[in-house]
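One structure is given here, and the rest of the page talks about it.
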Amino acid sequence: MPRKQIVTVGSAKPNPNLSAAVRFGNLVFVSGQTGRHPKTGEVGKDIREQTRNTLERIKEVLTAAGTSMDQVLSAMVHLTRRDDLAAYNEEYAKYFPTDKPARTTVTVASLNAPELVIEITVIAGIPD
């Protein structure tokens with residue numbers, strides 16, 4: 001039976017309330033990532049920049065877990081503004097040009113910080 005393994009990313013100080021990701025067998029469950037730049041922590045200025053930041057953060061977590069964006073099976077996306085959907089879809093498509101993962105996108109009233117407009121959680125596989 002596989003055991004749960006916590007995935008850590010680089011030397012970043014971990015959030016005491018969650019793990020960046022959890023690996024179980026050949027699956028990786030990535031915690032919700034937001035529009036902060038993966039290196040500086042600065043919030044992106046608009047939905048396009050925040051979407052790129054979010055997906056770059058996910059890419060870093062997946063790399064630390066031993067997998068990649070092309071192994072993403074499912075994505076759950078929270079947007080705070082319905083009007084951002086088209087721009088978000090354009091940026092998202094750059095990271096998943098073919099073989100798109102299953103995806104759910106919902107609009108929510110707010111995220112943890114009012115300046116954040118997107119949060120994405122993914123599940124990915126780890127190839128044998």
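Going through the structure tokens in order, the chains are called A, B, and so on, while each chain numbers its residues from 1 and the ligands are numbered from 1 in the order shown.
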Expected answer as a ChimeraX atom specification: helix (DSSP H, G or I) residues in stretch 7-114 of chain A: /A:47-65,69-71,82-95
How would the residues just chosen look if you wrote them out with C-alpha atoms as a PDB file, in the first residue's frame?
```pdb
ATOM      1  CA  ILE A  47      -5.743  38.227 -14.431  1.00  0.00           C
ATOM      2  CA  ARG A  48      -3.234  37.399 -17.163  1.00  0.00           C
ATOM      3  CA  GLU A  49      -0.201  37.923 -14.935  1.00  0.00           C
ATOM      4  CA  GLN A  50      -1.859  36.216 -11.974  1.00  0.00           C
ATOM      5  CA  THR A  51      -2.784  33.221 -14.135  1.00  0.00           C
ATOM      6  CA  ARG A  52       0.826  32.908 -15.351  1.00  0.00           C
ATOM      7  CA  ASN A  53       2.136  33.274 -11.789  1.00  0.00           C
ATOM      8  CA  THR A  54      -0.278  30.629 -10.537  1.00  0.00           C
ATOM      9  CA  LEU A  55       0.641  28.147 -13.242  1.00  0.00           C
ATOM     10  CA  GLU A  56       4.376  28.797 -12.768  1.00  0.00           C
ATOM     11  CA  ARG A  57       3.943  28.076  -9.062  1.00  0.00           C
ATOM     12  CA  ILE A  58       2.170  24.841  -9.927  1.00  0.00           C
ATOM     13  CA  LYS A  59       4.950  23.948 -12.350  1.00  0.00           C
ATOM     14  CA  GLU A  60       7.527  24.373  -9.545  1.00  0.00           C
ATOM     15  CA  VAL A  61       5.538  22.162  -7.169  1.00  0.00           C
ATOM     16  CA  LEU A  62       5.090  19.472  -9.801  1.00  0.00           C
ATOM     17  CA  THR A  63       8.818  19.508 -10.595  1.00  0.00           C
ATOM     18  CA  ALA A  64       9.592  19.062  -6.890  1.00  0.00           C
ATOM     19  CA  ALA A  65       7.191  16.101  -6.866  1.00  0.00           C
ATOM     20  CA  MET A  69       2.491  20.113 -16.357  1.00  0.00           C
ATOM     21  CA  ASP A  70       1.869  17.608 -19.148  1.00  0.00           C
ATOM     22  CA  GLN A  71       0.890  15.066 -16.481  1.00  0.00           C
ATOM     23  CA  ARG A  82     -16.541  36.329 -14.222  1.00  0.00           C
ATOM     24  CA  ASP A  83     -15.374  39.002 -16.671  1.00  0.00           C
ATOM     25  CA  ASP A  84     -11.822  37.598 -16.400  1.00  0.00           C
ATOM     26  CA  LEU A  85     -12.800  34.238 -17.902  1.00  0.00           C
ATOM     27  CA  ALA A  86     -11.710  34.948 -21.501  1.00  0.00           C
ATOM     28  CA  ALA A  87      -8.290  36.355 -20.571  1.00  0.00           C
ATOM     29  CA  TYR A  88      -7.747  33.534 -18.069  1.00  0.00           C
ATOM     30  CA  ASN A  89      -8.656  30.930 -20.725  1.00  0.00           C
ATOM     31  CA  GLU A  90      -6.120  32.447 -23.152  1.00  0.00           C
ATOM     32  CA  GLU A  91      -3.271  32.246 -20.612  1.00  0.00           C
ATOM     33  CA  TYR A  92      -4.331  28.791 -19.382  1.00  0.00           C
ATOM     34  CA  ALA A  93      -4.274  27.462 -22.976  1.00  0.00           C
ATOM     35  CA  LYS A  94      -0.585  28.435 -23.290  1.00  0.00           C
ATOM     36  CA  TYR A  95       0.265  25.971 -20.501  1.00  0.00           C
TER      37      TYR A  95
END
```
Backbone DSSP call of strand (DSSP E or B) for chain A, listed as a PyMOL selection string: chain A and resi 4-7+21-24+27-34+36+43+72-79+102-107+118-125
Mind writing the picked residues with C-alpha atoms as a CSV table (one decimal), in the first residue's frame?
```csv
chain,number,residue,atom,x,y,z
A,4,LYS,CA,1.4,9.6,1.8
A,5,GLN,CA,4.5,11.8,1.2
A,6,ILE,CA,4.7,15.6,1.7
A,7,VAL,CA,6.2,17.5,-1.2
A,21,ALA,CA,1.5,19.1,-2.3
A,22,VAL,CA,1.0,15.5,-1.2
A,23,ARG,CA,2.1,12.5,-3.2
A,24,PHE,CA,0.2,9.2,-2.9
A,27,LEU,CA,-0.6,10.8,-7.9
A,28,VAL,CA,0.3,14.4,-6.7
A,29,PHE,CA,-2.3,16.6,-5.1
A,30,VAL,CA,-1.2,20.2,-5.3
A,31,SER,CA,-2.6,22.7,-2.9
A,32,GLY,CA,-4.3,25.8,-4.2
A,33,GLN,CA,-1.8,28.2,-5.8
A,34,THR,CA,-2.5,31.9,-6.3
A,36,ARG,CA,1.7,35.7,-6.4
A,43,VAL,CA,0.8,39.8,-6.7
A,72,VAL,CA,-1.9,17.2,-15.0
A,73,LEU,CA,-5.1,15.2,-14.9
A,74,SER,CA,-7.5,17.6,-13.3
A,75,ALA,CA,-7.7,21.3,-12.4
A,76,MET,CA,-10.1,23.2,-10.1
A,77,VAL,CA,-10.0,26.9,-10.7
A,78,HIS,CA,-11.6,29.7,-8.6
A,79,LEU,CA,-11.9,33.2,-10.2
A,102,ALA,CA,-10.3,17.8,-16.9
A,103,ARG,CA,-11.2,21.2,-15.4
A,104,THR,CA,-13.8,22.9,-13.3
A,105,THR,CA,-13.9,26.7,-13.2
A,106,VAL,CA,-16.1,28.6,-10.7
A,107,THR,CA,-16.6,32.2,-9.8
A,118,ILE,CA,-7.4,33.4,-9.1
A,119,GLU,CA,-6.6,30.1,-7.3
A,120,ILE,CA,-5.9,26.8,-9.0
A,121,THR,CA,-5.6,23.3,-7.5
A,122,VAL,CA,-4.4,20.4,-9.6
A,123,ILE,CA,-4.0,16.6,-9.5
A,124,ALA,CA,-1.2,15.2,-11.6
A,125,GLY,CA,0.2,11.7,-12.3
```
Report, in Å to a single decimal, how far apart atom CA of A:Met1 and atom CA of A:Gly25 are. 8.3 Å
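A straight line drawn from atom CA of A:Lys100 to atom CA of A:Pro38 is 23.1 Å long.
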